[in-house]
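Source file: final.pdb (PDB, C-alpha atoms, pLDDT in the B column)
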ATOM      1  CA  LEU A 289     -92.490 -20.722 -18.406  1.00 45.00           C
ATOM      2  CA  ALA A 290     -94.178 -23.329 -20.531  1.00 49.00           C
ATOM      3  CA  LYS A 291     -97.586 -24.426 -19.300  1.00 65.00           C
ATOM      4  CA  GLY A 292     -97.299 -27.449 -17.057  1.00 77.00           C
ATOM      5  CA  CYS A 293     -93.627 -26.920 -16.128  1.00 85.00           C
ATOM      6  CA  LEU A 294     -92.139 -26.403 -12.675  1.00 92.00           C
ATOM      7  CA  THR A 295     -88.718 -25.572 -11.280  1.00 95.00           C
ATOM      8  CA  LEU A 296     -87.800 -28.335  -8.840  1.00 96.00           C
ATOM      9  CA  VAL A 297     -85.101 -28.014  -6.169  1.00 97.00           C
ATOM     10  CA  ILE A 298     -83.820 -31.039  -4.254  1.00 97.00           C
ATOM     11  CA  PHE A 299     -81.097 -30.700  -1.640  1.00 97.00           C
ATOM     12  CA  ASP A 300     -79.340 -32.706   1.048  1.00 96.00           C
ATOM     13  CA  PHE A 301     -76.986 -30.655   3.222  1.00 96.00           C
ATOM     14  CA  PRO A 302     -74.806 -32.441   5.764  1.00 95.00           C
ATOM     15  CA  GLU A 303     -75.506 -31.746   9.426  1.00 94.00           C
ATOM     16  CA  ALA A 304     -72.275 -29.713   9.609  1.00 94.00           C
ATOM     17  CA  ALA A 305     -73.851 -27.244   7.141  1.00 93.00           C
ATOM     18  CA  ARG A 306     -77.042 -26.784   9.181  1.00 92.00           C
ATOM     19  CA  LYS A 307     -76.908 -22.969   9.029  1.00 91.00           C
ATOM     20  CA  ALA A 308     -76.441 -22.987   5.244  1.00 91.00           C
ATOM     21  CA  ARG A 309     -79.352 -25.418   4.898  1.00 93.00           C
ATOM     22  CA  GLY A 310     -81.604 -23.175   6.974  1.00 92.00           C
ATOM     23  CA  ALA A 311     -80.584 -20.094   5.012  1.00 91.00           C
ATOM     24  CA  PHE A 312     -81.232 -21.895   1.709  1.00 94.00           C
ATOM     25  CA  ARG A 313     -84.690 -23.003   2.850  1.00 94.00           C
ATOM     26  CA  SER A 314     -85.459 -19.457   3.982  1.00 93.00           C
ATOM     27  CA  PHE A 315     -84.350 -18.111   0.601  1.00 94.00           C
ATOM     28  CA  LEU A 316     -86.543 -20.598  -1.276  1.00 96.00           C
ATOM     29  CA  LYS A 317     -89.560 -19.661   0.820  1.00 95.00           C
ATOM     30  CA  THR A 318     -88.930 -15.934   0.289  1.00 94.00           C
ATOM     31  CA  ALA A 319     -88.497 -16.540  -3.462  1.00 93.00           C
ATOM     32  CA  GLY A 320     -91.978 -18.069  -3.651  1.00 94.00           C
ATOM     33  CA  PHE A 321     -91.083 -21.757  -3.707  1.00 97.00           C
ATOM     34  CA  GLN A 322     -93.455 -24.207  -2.055  1.00 97.00           C
ATOM     35  CA  GLN A 323     -92.154 -26.988   0.148  1.00 96.00           C
ATOM     36  CA  LYS A 324     -93.324 -30.449  -0.955  1.00 96.00           C
ATOM     37  CA  GLN A 325     -91.079 -32.446   1.359  1.00 95.00           C
ATOM     38  CA  LEU A 326     -88.413 -31.337   3.805  1.00 92.00           C
ATOM     39  CA  SER A 327     -85.757 -30.918   1.107  1.00 95.00           C
ATOM     40  CA  VAL A 328     -87.937 -30.829  -2.027  1.00 97.00           C
ATOM     41  CA  TRP A 329     -89.268 -27.459  -3.180  1.00 97.00           C
ATOM     42  CA  ILE A 330     -91.092 -26.325  -6.335  1.00 96.00           C
ATOM     43  CA  SER A 331     -91.858 -23.061  -8.079  1.00 94.00           C
ATOM     44  CA  GLN A 332     -94.278 -22.287 -10.892  1.00 92.00           C
ATOM     45  CA  LYS A 333     -91.697 -19.794 -12.223  1.00 88.00           C
ATOM     46  CA  ASP A 334     -88.856 -20.581 -14.590  1.00 87.00           C
ATOM     47  CA  VAL A 335     -85.914 -19.667 -12.371  1.00 90.00           C
ATOM     48  CA  LEU A 336     -83.746 -22.620 -13.353  1.00 92.00           C
ATOM     49  CA  ASN A 337     -80.757 -20.634 -14.637  1.00 92.00           C
ATOM     50  CA  GLU A 338     -80.856 -18.072 -11.841  1.00 92.00           C
ATOM     51  CA  LEU A 339     -81.024 -20.750  -9.162  1.00 94.00           C
ATOM     52  CA  ARG A 340     -78.203 -22.759 -10.754  1.00 94.00           C
ATOM     53  CA  SER A 341     -76.070 -19.606 -10.765  1.00 93.00           C
ATOM     54  CA  LEU A 342     -76.863 -18.961  -7.098  1.00 92.00           C
ATOM     55  CA  ILE A 343     -76.011 -22.539  -6.164  1.00 93.00           C
ATOM     56  CA  GLN A 344     -72.646 -22.196  -7.937  1.00 94.00           C
ATOM     57  CA  LEU A 345     -72.002 -18.830  -6.277  1.00 92.00           C
ATOM     58  CA  LEU A 346     -72.727 -20.310  -2.832  1.00 91.00           C
ATOM     59  CA  LYS A 347     -70.589 -23.367  -3.676  1.00 91.00           C
ATOM     60  CA  ILE A 348     -73.319 -25.826  -2.662  1.00 94.00           C
ATOM     61  CA  GLU A 349     -73.439 -27.785  -5.943  1.00 94.00           C
ATOM     62  CA  LYS A 350     -72.613 -31.037  -4.175  1.00 96.00           C
ATOM     63  CA  TRP A 351     -75.709 -30.654  -1.983  1.00 97.00           C
ATOM     64  CA  ALA A 352     -78.344 -29.021  -4.225  1.00 97.00           C
ATOM     65  CA  ASP A 353     -79.821 -29.861  -7.643  1.00 96.00           C
ATOM     66  CA  VAL A 354     -82.292 -27.891  -9.762  1.00 97.00           C
ATOM     67  CA  TYR A 355     -84.480 -29.209 -12.582  1.00 96.00           C
ATOM     68  CA  LEU A 356     -87.113 -27.894 -14.973  1.00 94.00           C
ATOM     69  CA  ILE A 357     -89.824 -30.551 -15.097  1.00 91.00           C
ATOM     70  CA  GLU A 358     -93.145 -31.080 -16.818  1.00 83.00           C
ATOM     71  CA  ASN A 359     -96.062 -31.259 -14.455  1.00 71.00           C
TER      72      ASN A 359
END
structure tokens encoding of this file:
Amino acid sequence: LAKGCLTLVIFDFPEAARKARGAFRSFLKTAGFQQKQLSVWISQKDVLNELRSLIQLLKIEKWADVYLIEN
């Protein structure tokens, strides 16, 4: 990971997907992400591609976005 870069995850699950939202938050916490706001999480690791693949696998693309950003 380039110095000064972060992996940023932003998500907005509908209330009907409450269990999926909770499971996703739990996963992010376990994976070492830090919560900045309720649905905004960051990691100092470059896990952009892995997280995008997971989001596609879980079919939650319409609710979750991942970015690599400069700090």
Hey, can you check how far atom CA of Lys307 of chain A sits from atom CA of Glu338 of chain A?
->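 If I compute the distance from atom CA of Lys307 of chain A to atom CA of Glu338 of chain A, I get 21.8 Å.
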Could you check how far atom CA of Ser327 of chain A sits from atom CA of Ala352 of chain A, in Å to one decimal?
->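 Going from atom CA of Ser327 of chain A over to atom CA of Ala352 of chain A covers 9.3 Å.
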Nearest residue to Phe321 of chain A from the set A:Ile298, A:Arg309, A:Glu349, A:Ala304 (distances using all atoms listed in the file) | A:Ile298
Using atom CA of Leu356 of chain A and atom CA of Leu294 of chain A as the two end points, give the distance in Å to one decimal.
->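 Spanning atom CA of Leu356 of chain A to atom CA of Leu294 of chain A is a straight-line distance of 5.7 Å.
Closest approach to Trp351 of chain A among A:Val335, A:Ala311, A:Leu316, A:Ala305 is made by A:Ala305 (distances from only C-alpha atoms).
If you measure from each of A:Ile348, A:Leu336, A:Val328, A:Ile343 to Val297 of chain A using all atoms listed in the file, the closest one turns out to be A:Val328.
Considering all atoms listed in the file, the residue among A:Glu358, A:Thr295, A:Phe301, A:Arg340 positioned nearest to Gly320 of chain A is A:Thr295.
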Using only C-alpha atoms, which of A:Val354, A:Ala319, A:Leu342, A:Ile330 sits nearest Phe299 of chain A?
->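 With only C-alpha atoms as the atom set, the closest residue is A:Val354.
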Centre and edge lengths of an axis-aligned box around all listed atoms of segment 324-335 of chain A, with 4 Å added on each side, are to be given in Å to one decimal, as lines of an AutoDock Vina configuration file.
center_x = -90.0
center_y = -26.1
center_z = -5.4
size_x = 16.5
size_y = 20.8
size_z = 26.4
Identify which of the residues A:Asn359, A:Lys333, A:Leu326, A:Ala308 lies closest to Leu346 of chain A, counting only C-alpha atoms when measuring atom-to-atom distances.
->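 Using only C-alpha atoms, the shortest distance to Leu346 of chain A belongs to A:Ala308.
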